[in-house]
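Asker: Contents are CSV, C-alpha atoms; file name input-v9.csv:
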```
chain,number,residue,atom,x,y,z
A,14,MET,CA,-9.9,-20.0,19.4
A,15,LYS,CA,-6.4,-20.8,20.7
A,16,PRO,CA,-4.3,-17.8,21.9
A,17,PRO,CA,-1.0,-17.3,20.0
A,18,PRO,CA,2.1,-18.9,21.5
A,19,PRO,CA,4.3,-16.6,23.6
A,20,PRO,CA,7.2,-15.1,21.7
A,21,ARG,CA,10.5,-16.8,21.9
A,22,PRO,CA,13.2,-15.3,24.2
A,23,PHE,CA,15.2,-14.0,21.3
A,24,LYS,CA,12.2,-12.4,19.7
A,25,ARG,CA,11.3,-10.7,23.0
A,26,LEU,CA,14.8,-9.3,23.4
A,27,VAL,CA,15.2,-8.3,19.7
A,28,PRO,CA,11.7,-7.7,18.3
A,29,ALA,CA,13.1,-6.0,15.1
A,30,PRO,CA,16.5,-7.6,14.3
A,31,LEU,CA,17.0,-5.6,11.0
A,32,LEU,CA,16.2,-2.4,12.8
A,33,SER,CA,18.6,-3.2,15.6
A,34,LEU,CA,21.4,-4.0,13.1
A,35,ALA,CA,20.7,-0.8,11.2
A,36,LEU,CA,20.8,1.3,14.4
A,37,LEU,CA,24.1,-0.3,15.5
A,38,GLY,CA,25.6,0.3,12.1
A,39,LEU,CA,24.4,3.8,12.0
A,40,TRP,CA,25.8,4.5,15.5
A,41,LEU,CA,29.2,3.1,14.5
A,42,LEU,CA,29.2,5.1,11.3
A,43,LEU,CA,28.2,8.4,12.9
A,44,ASN,CA,30.9,7.9,15.6
A,45,ARG,CA,33.4,6.7,13.0
A,46,SER,CA,34.8,4.3,15.6
A,47,LEU,CA,34.8,0.6,16.3
A,48,SER,CA,36.1,0.9,19.8
A,49,ALA,CA,34.7,-1.5,22.4
A,50,GLY,CA,32.9,1.4,24.2
A,51,HIS,CA,31.1,2.5,21.0
A,52,VAL,CA,30.2,-1.1,20.1
A,53,VAL,CA,28.8,-1.7,23.6
A,54,LEU,CA,26.9,1.6,23.7
A,55,GLY,CA,25.6,1.1,20.2
A,56,THR,CA,24.4,-2.4,21.0
A,57,VAL,CA,22.6,-1.1,24.1
A,58,PHE,CA,20.8,1.6,21.9
A,59,ALA,CA,20.2,-0.9,19.1
A,60,LEU,CA,18.5,-3.3,21.6
A,61,ALA,CA,16.7,-0.7,23.7
A,62,ILE,CA,15.2,1.6,20.9
A,63,PRO,CA,13.1,-1.1,19.2
A,64,LEU,CA,11.9,-2.3,22.6
A,65,LEU,CA,10.8,1.2,23.6
A,66,THR,CA,9.2,2.0,20.3
A,67,ALA,CA,7.4,-1.3,19.7
A,68,GLY,CA,4.0,0.2,20.3
A,69,LEU,CA,4.7,2.8,17.6
A,70,ARG,CA,5.2,0.3,14.8
A,71,PRO,CA,2.2,-0.6,12.6
A,72,LEU,CA,1.0,-4.1,12.1
A,73,PRO,CA,3.4,-6.6,10.5
A,74,VAL,CA,3.6,-6.1,6.8
A,75,ARG,CA,2.7,-8.9,4.4
A,76,VAL,CA,3.4,-7.9,0.8
A,77,ARG,CA,0.8,-9.6,-1.4
A,78,ASN,CA,2.1,-8.5,-4.8
A,79,PRO,CA,5.9,-7.9,-5.1
A,80,GLY,CA,5.6,-6.8,-8.8
A,81,ALA,CA,3.3,-4.0,-7.8
A,82,VAL,CA,6.0,-2.7,-5.4
A,83,LEU,CA,8.4,-2.3,-8.3
A,84,ARG,CA,5.7,-0.7,-10.5
A,85,LEU,CA,4.8,1.7,-7.7
A,86,ALA,CA,8.4,2.6,-7.1
A,87,PHE,CA,9.0,3.5,-10.8
A,88,THR,CA,5.8,5.5,-10.8
A,89,VAL,CA,6.9,7.4,-7.7
A,90,VAL,CA,10.3,8.2,-9.1
A,91,ALA,CA,8.8,9.4,-12.4
A,92,ASP,CA,6.2,11.5,-10.6
A,93,THR,CA,8.7,13.0,-8.2
A,94,THR,CA,11.0,13.9,-11.0
A,95,ARG,CA,8.2,15.5,-13.0
A,96,SER,CA,7.0,17.4,-9.9
A,97,ASN,CA,10.5,18.6,-9.1
A,98,LEU,CA,10.7,20.2,-12.6
A,99,ALA,CA,7.2,21.8,-12.2
A,100,VAL,CA,8.0,23.2,-8.8
A,101,ALA,CA,11.4,24.5,-10.1
A,102,ARG,CA,9.5,26.2,-12.9
A,103,LEU,CA,7.2,27.9,-10.4
A,104,LEU,CA,10.1,29.0,-8.2
A,105,LEU,CA,12.2,30.4,-11.1
A,106,ALA,CA,9.3,32.1,-12.8
A,107,PRO,CA,6.6,32.8,-10.3
A,108,GLY,CA,4.7,34.9,-12.8
A,109,ARG,CA,4.1,31.8,-15.0
A,110,ARG,CA,1.9,30.2,-12.4
A,111,ARG,CA,-1.2,29.0,-14.2
A,112,HIS,CA,-3.4,27.9,-11.3
A,113,PRO,CA,-3.6,28.7,-7.5
A,114,ALA,CA,-2.8,26.4,-4.7
A,115,ALA,CA,-5.7,24.6,-3.2
A,116,PHE,CA,-6.8,21.7,-0.9
A,117,VAL,CA,-8.1,18.6,-2.7
A,118,HIS,CA,-10.3,16.0,-1.0
A,119,VAL,CA,-9.3,12.4,-2.1
A,120,PRO,CA,-11.8,9.7,-1.1
A,121,LEU,CA,-9.9,6.6,0.1
A,122,ASP,CA,-10.7,2.9,-0.2
A,123,VAL,CA,-7.5,1.7,1.3
A,124,ARG,CA,-7.7,1.0,5.1
A,125,ASP,CA,-4.5,-0.9,5.9
A,126,PRO,CA,-2.3,1.3,8.2
A,127,ASN,CA,0.9,0.3,6.4
A,128,ALA,CA,-0.6,1.3,3.1
A,129,LEU,CA,-1.8,4.6,4.5
A,130,ALA,CA,1.7,5.3,5.9
A,131,VAL,CA,3.3,4.6,2.5
A,132,LEU,CA,0.7,6.8,0.8
A,133,ALA,CA,1.6,9.6,3.3
A,134,MET,CA,5.3,9.2,2.5
A,135,ILE,CA,4.7,9.2,-1.3
A,136,VAL,CA,2.6,12.4,-1.1
A,137,CYS,CA,5.0,14.2,1.2
A,138,ILE,CA,8.1,13.4,-0.9
A,139,THR,CA,6.4,14.6,-4.1
A,140,PRO,CA,7.2,18.3,-4.4
A,141,GLY,CA,4.1,20.5,-4.7
A,142,THR,CA,1.9,18.2,-2.5
A,143,ALA,CA,1.5,17.8,1.2
A,144,TRP,CA,-0.6,15.4,3.3
A,145,ALA,CA,-2.8,17.8,5.3
A,146,GLU,CA,-5.3,15.6,7.1
A,147,LEU,CA,-6.9,12.1,7.2
A,148,SER,CA,-10.5,11.8,8.4
A,149,LEU,CA,-11.1,9.9,11.6
A,150,ASP,CA,-12.7,7.0,9.7
A,151,ARG,CA,-9.8,7.0,7.2
A,152,SER,CA,-12.1,7.4,4.3
A,153,MET,CA,-11.0,10.9,3.1
A,154,LEU,CA,-7.6,12.5,2.6
A,155,LEU,CA,-7.2,16.2,2.5
A,156,LEU,CA,-4.2,17.0,0.3
A,157,HIS,CA,-2.6,20.4,-0.3
A,158,VAL,CA,-1.5,20.9,-3.9
A,159,LEU,CA,0.7,23.8,-5.0
A,160,GLU,CA,-1.1,24.3,-8.4
A,161,VAL,CA,-4.7,23.0,-8.9
A,162,ASP,CA,-6.5,23.2,-12.2
A,163,ASP,CA,-8.9,20.3,-11.7
A,164,ALA,CA,-9.3,18.9,-8.2
A,165,ALA,CA,-11.3,15.9,-9.3
A,166,ALA,CA,-8.5,14.9,-11.8
A,167,ILE,CA,-5.9,15.2,-9.1
A,168,ALA,CA,-8.0,13.0,-6.7
A,169,ALA,CA,-8.5,10.5,-9.5
A,170,SER,CA,-4.8,10.5,-10.3
A,171,VAL,CA,-3.8,9.8,-6.6
A,172,LYS,CA,-6.3,7.0,-6.5
A,173,GLN,CA,-5.1,5.5,-9.8
A,174,ARG,CA,-1.4,6.0,-9.5
A,175,TYR,CA,-0.9,5.3,-5.7
A,176,GLU,CA,-3.9,4.0,-3.9
A,177,ARG,CA,-4.7,1.2,-6.3
A,178,PRO,CA,-1.1,-0.3,-6.3
A,179,LEU,CA,-1.0,0.1,-2.5
A,180,MET,CA,-4.2,-1.9,-2.2
A,181,GLU,CA,-2.6,-4.6,-4.5
A,182,ILE,CA,0.4,-4.7,-2.2
A,183,PHE,CA,-1.1,-4.6,1.2
A,184,GLU,CA,-4.7,-5.7,1.0
```
Show the structure stored in the file as structure tokens.

Answerer:
Amino acid sequence: MKPPPPPRPFKRLVPAPLLSLALLGLWLLLNRSLSAGHVVLGTVFALAIPLLTAGLRPLPVRVRNPGAVLRLAFTVVADTTRSNLAVARLLLAPGRRRHPAAFVHVPLDVRDPNALAVLAMIVCITPGTAWAELSLDRSMLLLHVLEVDDAAAIAASVKQRYERPLMEIFE
């Protein structure tokens, strides 16, 4: 097996061009200045930060099903909206809580690190749920849920609504 070719000089200097552009733009926006000093300092940061954090980035992403990305995005928006309303109900009328909070074990089939990272973001932005722990072999997710009636139904919902589309996208 032949080793991969060495990266080109530009790719070595700028491993994540979009991230570098975003960092430079953010620097300039936060400082509200286009002075030469801010442009130079922002460029230094925009080039240095991706180089210093290269080891933290997961594997390169290859989206296998772009349609699944849109379906998943709509699902997340709908679920987040519904969950926001449910959490608001609990906060405004705590006596109307129907079920206690609990931890739910969700068996996982997805193994791609990018898919797991997206799943973590989805769970954490949905009010009423929080990513608690991932088993060392990445086969089980421990999820904290604000109101649990049927833990098995919640686990099945996470697998159906999020894990399956993520597997379509990443695996």

Asker: Skip Thr56 of chain A itself and residues of its chain fewer than 3 positions away, then list as a compact mmCIF listing (two decimals) with C-alpha atoms, keeping the file's coordinate frame all residues within 10 Å of it, counting only C-alpha atoms.

Answerer:
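Wrote selection.txt, looks like this:
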```
# COMPACT_ATOMS: atom_id res chain seq x y z
CA SER A 33 18.60 -3.20 15.60
CA LEU A 34 21.40 -4.00 13.10
CA LEU A 36 20.80 1.30 14.40
CA LEU A 37 24.10 -0.30 15.50
CA GLY A 38 25.60 0.30 12.10
CA TRP A 40 25.80 4.50 15.50
CA LEU A 41 29.20 3.10 14.50
CA GLY A 50 32.90 1.40 24.20
CA HIS A 51 31.10 2.50 21.00
CA VAL A 52 30.20 -1.10 20.10
CA VAL A 53 28.80 -1.70 23.60
CA ALA A 59 20.20 -0.90 19.10
CA LEU A 60 18.50 -3.30 21.60
CA ALA A 61 16.70 -0.70 23.70
```

Asker: Can you tell me how far atom CA of Val119 of chain A sits from atom CA of Leu159 of chain A, in Å to one decimal?

Answerer: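 Here the two named atoms are 15.4 Å from each other.
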
Asker: Given the choices A:Val89, A:Phe116, A:Ala101, A:Leu147, which gets closest to Ile135 of chain A if the distance is worked out from all atoms listed in the file?

Answerer: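 For Ile135 of chain A, the nearest of the given residues is A:Val89.
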
Asker: From the options A:Gly141, A:Pro28, A:Pro73, A:Gly108, which residue's atoms come nearest to Pro126 of chain A, counting all atoms listed in the file?

Answerer: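 Of all the options, A:Pro73 lies closest to Pro126 of chain A.
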
Asker: So the first atom is atom CA of Gly68 of chain A and the second is atom CA of Ser152 of chain A; what is the distance between them in Å, to one decimal place?

Answerer: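 Going from atom CA of Gly68 of chain A over to atom CA of Ser152 of chain A covers 23.8 Å.
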
Asker: Go ahead and compute the interatomic distance for atom CA of Leu69 of chain A and atom CA of Val171 of chain A, in Å to one decimal.

Answerer: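 Spanning atom CA of Leu69 of chain A to atom CA of Val171 of chain A is a straight-line distance of 26.6 Å.
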
Asker: Find the spatial neighbours of Ile167 of chain A, counting all atoms listed in the file, within a cut-off of 9 Å - ignore same-chain residues fewer than 4 positions away - and output them as a count of residues only.

Answerer: 8

Asker: Measuring between only C-alpha atoms, which one of A:Pro63, A:Gly80, A:Pro113, A:Gly55 shows the shortest distance to Ala29 of chain A?

Answerer: A:Pro63

Asker: Generate the missing atoms of segment 114-126 of chain A up to N, CA, C and O atoms and report them as a short mmCIF file (atom, residue, chain, number, x, y, z; two decimals), in the frame of the given file.

Answerer:
```
data_model
loop_
_atom_site.label_atom_id
_atom_site.label_comp_id
_atom_site.auth_asym_id
_atom_site.auth_seq_id
_atom_site.Cartn_x
_atom_site.Cartn_y
_atom_site.Cartn_z
N ALA A 114 -2.86 27.51 -5.62
CA ALA A 114 -2.80 26.40 -4.70
C ALA A 114 -4.15 26.12 -4.12
O ALA A 114 -4.97 27.04 -4.01
N ALA A 115 -4.41 24.88 -3.74
CA ALA A 115 -5.70 24.60 -3.20
C ALA A 115 -5.64 23.24 -2.40
O ALA A 115 -4.67 22.48 -2.53
N PHE A 116 -6.67 23.00 -1.61
CA PHE A 116 -6.80 21.70 -0.90
C PHE A 116 -7.70 20.83 -1.79
O PHE A 116 -8.69 21.28 -2.37
N VAL A 117 -7.34 19.56 -1.86
CA VAL A 117 -8.10 18.60 -2.70
C VAL A 117 -8.51 17.46 -1.74
O VAL A 117 -7.70 16.92 -0.98
N HIS A 118 -9.78 17.09 -1.81
CA HIS A 118 -10.30 16.00 -1.00
C HIS A 118 -10.17 14.70 -1.89
O HIS A 118 -10.66 14.67 -3.02
N VAL A 119 -9.52 13.69 -1.34
CA VAL A 119 -9.30 12.40 -2.10
C VAL A 119 -10.06 11.33 -1.26
O VAL A 119 -9.63 10.99 -0.15
N PRO A 120 -11.16 10.79 -1.79
CA PRO A 120 -11.80 9.70 -1.10
C PRO A 120 -10.95 8.44 -1.14
O PRO A 120 -10.39 8.11 -2.18
N LEU A 121 -10.80 7.76 0.00
CA LEU A 121 -9.90 6.60 0.10
C LEU A 121 -10.68 5.31 0.26
O LEU A 121 -11.65 5.26 1.01
N ASP A 122 -10.22 4.29 -0.43
CA ASP A 122 -10.70 2.90 -0.20
C ASP A 122 -9.78 2.10 0.59
O ASP A 122 -10.18 1.13 1.21
N VAL A 123 -8.50 2.45 0.59
CA VAL A 123 -7.50 1.70 1.30
C VAL A 123 -7.67 1.94 2.82
O VAL A 123 -7.96 3.05 3.24
N ARG A 124 -7.52 0.88 3.61
CA ARG A 124 -7.70 1.00 5.10
C ARG A 124 -6.48 0.47 5.83
O ARG A 124 -6.34 0.74 7.01
N ASP A 125 -5.61 -0.28 5.18
CA ASP A 125 -4.50 -0.90 5.90
C ASP A 125 -3.55 0.24 6.38
O ASP A 125 -3.18 1.15 5.62
N PRO A 126 -3.18 0.22 7.68
CA PRO A 126 -2.30 1.30 8.20
C PRO A 126 -0.98 1.39 7.55
O PRO A 126 -0.43 2.49 7.39
#
```
